[in-house]
>>> print(open('query_26.pdb').read())   # PDB, C-alpha atoms and all ligand atoms
ATOM      1  CA  MET A   1       0.634 -17.865   4.372  1.00  0.00           C
ATOM      2  CA  THR A   2       1.376 -16.990   7.972  1.00  0.00           C
ATOM      3  CA  TYR A   3       1.770 -13.301   8.835  1.00  0.00           C
ATOM      4  CA  ASP A   4       5.356 -12.338   9.733  1.00  0.00           C
ATOM      5  CA  PRO A   5       5.219  -9.703  12.507  1.00  0.00           C
ATOM      6  CA  ASN A   6       8.832  -8.717  11.743  1.00  0.00           C
ATOM      7  CA  ASN A   7       8.092  -7.393   8.240  1.00  0.00           C
ATOM      8  CA  VAL A   8       9.079  -3.783   7.614  1.00  0.00           C
ATOM      9  CA  PHE A   9       5.519  -2.400   7.521  1.00  0.00           C
ATOM     10  CA  ALA A  10       4.664  -4.095  10.830  1.00  0.00           C
ATOM     11  CA  LYS A  11       7.703  -2.309  12.282  1.00  0.00           C
ATOM     12  CA  ILE A  12       6.469   1.009  10.864  1.00  0.00           C
ATOM     13  CA  LEU A  13       3.030   0.407  12.397  1.00  0.00           C
ATOM     14  CA  ARG A  14       4.626  -0.300  15.790  1.00  0.00           C
ATOM     15  CA  GLY A  15       6.721   2.883  15.487  1.00  0.00           C
ATOM     16  CA  GLU A  16       9.979   0.905  15.496  1.00  0.00           C
ATOM     17  CA  ILE A  17      11.143   2.494  12.238  1.00  0.00           C
ATOM     18  CA  PRO A  18      10.067   5.857  10.795  1.00  0.00           C
ATOM     19  CA  CYS A  19       7.936   6.587   7.761  1.00  0.00           C
ATOM     20  CA  ASN A  20       7.052   9.728   5.842  1.00  0.00           C
ATOM     21  CA  LYS A  21       3.377   9.756   6.794  1.00  0.00           C
ATOM     22  CA  VAL A  22       0.669  11.133   4.512  1.00  0.00           C
ATOM     23  CA  LEU A  23      -2.501  10.047   6.315  1.00  0.00           C
ATOM     24  CA  GLU A  24      -3.490   8.001   9.343  1.00  0.00           C
ATOM     25  CA  THR A  25      -7.021   6.812  10.070  1.00  0.00           C
ATOM     26  CA  GLU A  26      -8.551   4.376  12.546  1.00  0.00           C
ATOM     27  CA  HIS A  27      -7.690   1.329  10.412  1.00  0.00           C
ATOM     28  CA  SER A  28      -5.193   2.515   7.800  1.00  0.00           C
ATOM     29  CA  LEU A  29      -1.852   4.256   7.335  1.00  0.00           C
ATOM     30  CA  ALA A  30      -0.481   5.958   4.208  1.00  0.00           C
ATOM     31  CA  PHE A  31       3.166   6.933   3.721  1.00  0.00           C
ATOM     32  CA  HIS A  32       5.579   7.719   0.914  1.00  0.00           C
ATOM     33  CA  ASP A  33       7.368   4.780  -0.701  1.00  0.00           C
ATOM     34  CA  ILE A  34      11.059   4.846   0.242  1.00  0.00           C
ATOM     35  CA  ASN A  35      12.009   4.138  -3.392  1.00  0.00           C
ATOM     36  CA  PRO A  36       9.477   6.120  -5.458  1.00  0.00           C
ATOM     37  CA  LEU A  37       8.873   4.870  -8.990  1.00  0.00           C
ATOM     38  CA  CYS A  38       6.991   8.000 -10.056  1.00  0.00           C
ATOM     39  CA  ARG A  39       6.530  11.592  -8.870  1.00  0.00           C
ATOM     40  CA  HIS A  40       3.989  10.663  -6.211  1.00  0.00           C
ATOM     41  CA  HIS A  41       4.327   7.081  -4.939  1.00  0.00           C
ATOM     42  CA  VAL A  42       2.418   6.428  -1.736  1.00  0.00           C
ATOM     43  CA  LEU A  43       1.704   3.153   0.050  1.00  0.00           C
ATOM     44  CA  VAL A  44      -1.628   2.666   1.796  1.00  0.00           C
ATOM     45  CA  ILE A  45      -1.782  -0.198   4.283  1.00  0.00           C
ATOM     46  CA  PRO A  46      -4.261  -1.578   6.803  1.00  0.00           C
ATOM     47  CA  LYS A  47      -3.194  -1.435  10.444  1.00  0.00           C
ATOM     48  CA  GLY A  48      -4.342  -5.023  10.873  1.00  0.00           C
ATOM     49  CA  SER A  49      -2.041  -7.974  10.245  1.00  0.00           C
ATOM     50  CA  TYR A  50      -2.874  -9.062   6.692  1.00  0.00           C
ATOM     51  CA  VAL A  51      -0.323 -10.640   4.362  1.00  0.00           C
ATOM     52  CA  SER A  52      -1.891  -9.483   1.109  1.00  0.00           C
ATOM     53  CA  LEU A  53      -5.162  -8.680  -0.623  1.00  0.00           C
ATOM     54  CA  ASP A  54      -5.963 -12.382  -0.671  1.00  0.00           C
ATOM     55  CA  ASP A  55      -5.789 -12.491   3.134  1.00  0.00           C
ATOM     56  CA  PHE A  56      -7.507  -9.103   3.615  1.00  0.00           C
ATOM     57  CA  SER A  57     -10.399  -9.914   1.302  1.00  0.00           C
ATOM     58  CA  ALA A  58     -11.056 -13.128   3.229  1.00  0.00           C
ATOM     59  CA  ARG A  59     -10.626 -11.996   6.857  1.00  0.00           C
ATOM     60  CA  SER A  60     -11.007  -8.227   7.233  1.00  0.00           C
ATOM     61  CA  SER A  61     -14.046  -6.440   8.631  1.00  0.00           C
ATOM     62  CA  GLU A  62     -16.260  -4.209   6.512  1.00  0.00           C
ATOM     63  CA  ALA A  63     -15.043  -1.232   8.566  1.00  0.00           C
ATOM     64  CA  GLU A  64     -11.437  -2.010   7.625  1.00  0.00           C
ATOM     65  CA  ILE A  65     -12.300  -2.376   3.939  1.00  0.00           C
ATOM     66  CA  VAL A  66     -14.274   0.871   3.854  1.00  0.00           C
ATOM     67  CA  ASP A  67     -11.511   2.710   5.722  1.00  0.00           C
ATOM     68  CA  LEU A  68      -8.805   1.488   3.338  1.00  0.00           C
ATOM     69  CA  ILE A  69     -10.723   2.357   0.174  1.00  0.00           C
ATOM     70  CA  ARG A  70     -11.693   5.767   1.522  1.00  0.00           C
ATOM     71  CA  SER A  71      -8.054   6.367   2.499  1.00  0.00           C
ATOM     72  CA  LEU A  72      -6.895   5.605  -1.051  1.00  0.00           C
ATOM     73  CA  GLY A  73      -9.220   8.262  -2.434  1.00  0.00           C
ATOM     74  CA  GLU A  74      -8.373  10.741   0.319  1.00  0.00           C
ATOM     75  CA  VAL A  75      -4.622  10.388  -0.269  1.00  0.00           C
ATOM     76  CA  ALA A  76      -5.092  11.012  -3.997  1.00  0.00           C
ATOM     77  CA  ARG A  77      -7.049  14.167  -3.240  1.00  0.00           C
ATOM     78  CA  MET A  78      -4.438  15.289  -0.687  1.00  0.00           C
ATOM     79  CA  LEU A  79      -1.696  14.893  -3.299  1.00  0.00           C
ATOM     80  CA  GLY A  80      -3.788  16.718  -5.887  1.00  0.00           C
ATOM     81  CA  VAL A  81      -3.767  13.895  -8.440  1.00  0.00           C
ATOM     82  CA  ASP A  82      -7.520  13.270  -8.438  1.00  0.00           C
ATOM     83  CA  ALA A  83      -7.967  15.518 -11.488  1.00  0.00           C
ATOM     84  CA  SER A  84      -4.846  14.477 -13.428  1.00  0.00           C
ATOM     85  CA  GLY A  85      -5.207  10.747 -12.728  1.00  0.00           C
ATOM     86  CA  TYR A  86      -3.453   7.998 -10.809  1.00  0.00           C
ATOM     87  CA  ARG A  87      -2.968   4.229 -10.623  1.00  0.00           C
ATOM     88  CA  ILE A  88      -3.558   1.868  -7.685  1.00  0.00           C
ATOM     89  CA  MET A  89      -1.762  -1.495  -7.589  1.00  0.00           C
ATOM     90  CA  SER A  90      -1.349  -4.274  -5.059  1.00  0.00           C
ATOM     91  CA  ASN A  91       1.017  -7.199  -5.483  1.00  0.00           C
ATOM     92  CA  HIS A  92       0.000 -10.576  -4.082  1.00  0.00           C
ATOM     93  CA  GLY A  93       2.459 -13.435  -4.006  1.00  0.00           C
ATOM     94  CA  HIS A  94       5.223 -14.818  -6.160  1.00  0.00           C
ATOM     95  CA  ASP A  95       4.080 -14.021  -9.681  1.00  0.00           C
ATOM     96  CA  ALA A  96       3.394 -10.401  -8.725  1.00  0.00           C
ATOM     97  CA  ARG A  97       6.803 -10.239  -6.983  1.00  0.00           C
ATOM     98  CA  GLN A  98       5.363  -9.070  -3.681  1.00  0.00           C
ATOM     99  CA  GLU A  99       8.332  -8.092  -1.492  1.00  0.00           C
ATOM    100  CA  VAL A 100       6.773  -6.942   1.764  1.00  0.00           C
ATOM    101  CA  PRO A 101       4.339  -9.496   3.257  1.00  0.00           C
ATOM    102  CA  HIS A 102       1.916  -6.925   4.691  1.00  0.00           C
ATOM    103  CA  LEU A 103      -0.925  -5.800   2.412  1.00  0.00           C
ATOM    104  CA  HIS A 104      -0.136  -2.514   0.692  1.00  0.00           C
ATOM    105  CA  PHE A 105      -1.656  -0.591  -2.161  1.00  0.00           C
ATOM    106  CA  HIS A 106       0.752   1.383  -4.312  1.00  0.00           C
ATOM    107  CA  GLY A 107      -0.775   4.716  -5.267  1.00  0.00           C
ATOM    108  CA  CYS A 108       1.106   6.261  -8.184  1.00  0.00           C
ATOM    109  CA  GLY A 109       0.531   9.592  -9.901  1.00  0.00           C
ATOM    110  CA  GLY A 110       1.774  13.046 -10.670  1.00  0.00           C
ATOM    111  CA  GLU A 111       2.906  12.261 -14.213  1.00  0.00           C
ATOM    112  CA  ASP A 112       1.996  10.140 -17.258  1.00  0.00           C
ATOM    113  CA  LEU A 113       2.385   6.571 -15.983  1.00  0.00           C
ATOM    114  CA  GLY A 114       2.647   4.880 -19.362  1.00  0.00           C
ATOM    115  CA  PRO A 115       1.070   1.500 -20.166  1.00  0.00           C
ATOM    116  CA  MET A 116      -0.470  -0.433 -17.302  1.00  0.00           C
ATOM    117  CA  LEU A 117       1.891  -3.396 -17.414  1.00  0.00           C
ATOM    118  CA  ARG A 118       5.201  -4.321 -19.018  1.00  0.00           C
ATOM    119  CA  LEU A 119       6.134  -7.983 -18.695  1.00  0.00           C
ATOM    120  CA  PRO A 120       9.842  -8.757 -18.198  1.00  0.00           C
ATOM    121  CA  LYS A 121      11.593  -9.989 -21.349  1.00  0.00           C
TER     122      LYS A 121
HETATM  123  P1  LIG B   1       5.948  -4.841  -3.191  1.00  0.00           P
HETATM  124  O1  LIG B   1       6.954  -5.318  -4.193  1.00  0.00           O
HETATM  125  O2  LIG B   1       4.587  -4.625  -3.785  1.00  0.00           O
HETATM  126  O3  LIG B   1       5.916  -5.713  -1.954  1.00  0.00           O
HETATM  127  O4  LIG B   1       6.427  -3.388  -2.767  1.00  0.00           O
HETATM  128  C1  LIG B   1       7.090  -3.098  -1.580  1.00  0.00           C
HETATM  129  C2  LIG B   1       7.367  -1.606  -1.570  1.00  0.00           C
HETATM  130  O5  LIG B   1       7.747  -1.221  -0.257  1.00  0.00           O
HETATM  131  C3  LIG B   1       8.509  -1.166  -2.508  1.00  0.00           C
HETATM  132  O6  LIG B   1       8.005  -0.209  -3.441  1.00  0.00           O
HETATM  133  C4  LIG B   1       9.539  -0.554  -1.550  1.00  0.00           C
HETATM  134  O7  LIG B   1      10.213   0.548  -2.107  1.00  0.00           O
HETATM  135  C5  LIG B   1       8.673  -0.174  -0.352  1.00  0.00           C
HETATM  136  N1  LIG B   1       9.359  -0.086   0.931  1.00  0.00           N
HETATM  137  C6  LIG B   1      10.189  -0.999   1.490  1.00  0.00           C
HETATM  138  N2  LIG B   1      10.622  -0.579   2.686  1.00  0.00           N
HETATM  139  C7  LIG B   1      10.045   0.636   2.892  1.00  0.00           C
HETATM  140  C8  LIG B   1      10.086   1.584   3.964  1.00  0.00           C
HETATM  141  N3  LIG B   1      10.827   1.386   5.061  1.00  0.00           N
HETATM  142  N4  LIG B   1       9.363   2.724   3.844  1.00  0.00           N
HETATM  143  C9  LIG B   1       8.619   2.943   2.733  1.00  0.00           C
HETATM  144  N5  LIG B   1       8.531   2.088   1.700  1.00  0.00           N
HETATM  145  C10 LIG B   1       9.236   0.944   1.779  1.00  0.00           C
END
>>> encode(input="query_26.pdb", output="structure tokens")
Amino acid sequence: MTYDPNNVFAKILRGEIPCNKVLETEHSLAFHDINPLCRHHVLVIPKGSYVSLDDFSARSSEAEIVDLIRSLGEVARMLGVDASGYRIMSNHGHDARQEVPHLHFHGCGGEDLGPMLRLPK
């Protein structure tokens, strides 16, 4: 899949639209989801142009991978959910209903999140 530079997260990275920033590092950006599904719902994205985890896992540098994983843990600690618990998810492609074609990890916490997955009826 070709990367679409006009996706909403690319626009956030270019500063064309605002975000509610939580953390910025050399290779990653974390900001609050505009439509939170739980008390704390943060998106952590690489600054590089990667469509999804499939793309990132194949093409990214080790520095980018380390930065993104460290950012996920750092954001959880910043939000104070490291002790109570949290869930990290990333949707890739059609079956996962990925909406924004720029890799993002959903970090969810701050309350009991229920079962891991509920399939639509
Ligand atoms: P996904 O279905 O995994 O692609 O999730 C995309 C997520 O991006 C959804 O949870 C949206 O609420 C979120 N989102 C879309 N636009 C924005 C935005 N401008 N700022 C923050 N989050 C956004």
>>> residues_near_ligand(input="query_26.pdb", ligand="ligand LIG 1 (chain B)", cutoff="8 Å", atoms="all atoms listed in the file", output="ChimeraX atom specification")
/A:8-9,12,17-20,31-37,43,90-92,96-102,104-106
>>> closest_residue(input="query_26.pdb", among="A:Pro115, A:Val42, A:Leu13, A:Lys121", to="A:Val75", atoms="all atoms listed in the file")
A:Val42
>>> residues_around(input="query_26.pdb", residues="A:Gly85", least_positions_apart="5", cutoff="12 Å", atoms="only C-alpha atoms", output="ChimeraX atom specification")
/A:40,73,76-77,79-80,107-114
>>> closest_residue(input="query_26.pdb", among="A:Leu103, A:Met1, A:Arg118, A:His27", to="A:Glu62", atoms="all atoms listed in the file")
A:His27
>>> resolve_selection(input="query_26.pdb", expression="the PyMOL selection byres (((chain A and resi 64) around 9) and not hetatm)", output="list in words")
Glu26, His27, Ser28, Pro46, Lys47, Gly48, Ser60, Ser61, Glu62, Ala63, Ile65, Val66, Asp67, Leu68 and Ile69 of chain A
>>> write_last_selection(input="query_26.pdb", atoms="C-alpha atoms", output="PDB file, in the frame of the given file")
ATOM      1  CA  GLU A  26      -8.551   4.376  12.546  1.00  0.00           C
ATOM      2  CA  HIS A  27      -7.690   1.329  10.412  1.00  0.00           C
ATOM      3  CA  SER A  28      -5.193   2.515   7.800  1.00  0.00           C
ATOM      4  CA  PRO A  46      -4.261  -1.578   6.803  1.00  0.00           C
ATOM      5  CA  LYS A  47      -3.194  -1.435  10.444  1.00  0.00           C
ATOM      6  CA  GLY A  48      -4.342  -5.023  10.873  1.00  0.00           C
ATOM      7  CA  SER A  60     -11.007  -8.227   7.233  1.00  0.00           C
ATOM      8  CA  SER A  61     -14.046  -6.440   8.631  1.00  0.00           C
ATOM      9  CA  GLU A  62     -16.260  -4.209   6.512  1.00  0.00           C
ATOM     10  CA  ALA A  63     -15.043  -1.232   8.566  1.00  0.00           C
ATOM     11  CA  ILE A  65     -12.300  -2.376   3.939  1.00  0.00           C
ATOM     12  CA  VAL A  66     -14.274   0.871   3.854  1.00  0.00           C
ATOM     13  CA  ASP A  67     -11.511   2.710   5.722  1.00  0.00           C
ATOM     14  CA  LEU A  68      -8.805   1.488   3.338  1.00  0.00           C
ATOM     15  CA  ILE A  69     -10.723   2.357   0.174  1.00  0.00           C
TER      16      ILE A  69
END
>>> atom_distance(input="query_26.pdb", atom1="atom CA of A:Ser84", atom2="atom CA of A:Val22")
19.1 Å
>>> axis_aligned_box(input="query_26.pdb", around="stretch 35-54 of chain A", padding_each_side="8 Å", output="AutoDock Vina command-line options")
--center_x 3.0 --center_y -0.4 --center_z 0.4 --size_x 34.0 --size_y 40.0 --size_z 36.9
>>> resolve_selection(input="query_26.pdb", expression="the PyMOL selection byres (((chain A and resi 54) around 10) and not hetatm)", output="ChimeraX atom specification")
/A:1,50-53,55-59,91-93,103
>>> write_last_selection(input="query_26.pdb", atoms="C-alpha atoms", output="JSON list (two decimals), in the coordinates of the input")
[["chain", "number", "residue", "atom", "x", "y", "z"],
["A", 1, "MET", "CA", 0.63, -17.86, 4.37],
["A", 50, "TYR", "CA", -2.87, -9.06, 6.69],
["A", 51, "VAL", "CA", -0.32, -10.64, 4.36],
["A", 52, "SER", "CA", -1.89, -9.48, 1.11],
["A", 53, "LEU", "CA", -5.16, -8.68, -0.62],
["A", 55, "ASP", "CA", -5.79, -12.49, 3.13],
["A", 56, "PHE", "CA", -7.51, -9.10, 3.62],
["A", 57, "SER", "CA", -10.40, -9.91, 1.30],
["A", 58, "ALA", "CA", -11.06, -13.13, 3.23],
["A", 59, "ARG", "CA", -10.63, -12.00, 6.86],
["A", 91, "ASN", "CA", 1.02, -7.20, -5.48],
["A", 92, "HIS", "CA", 0.00, -10.58, -4.08],
["A", 93, "GLY", "CA", 2.46, -13.44, -4.01],
["A", 103, "LEU", "CA", -0.92, -5.80, 2.41]]
>>> closest_residue(input="query_26.pdb", among="A:Val81, A:Ala10, A:Thr25, A:Ser71", to="A:Val44", atoms="only C-alpha atoms")
A:Ser71
>>> atom_distance(input="query_26.pdb", atom1="atom CA of A:Ile45", atom2="atom CA of A:Tyr86")
17.3 Å
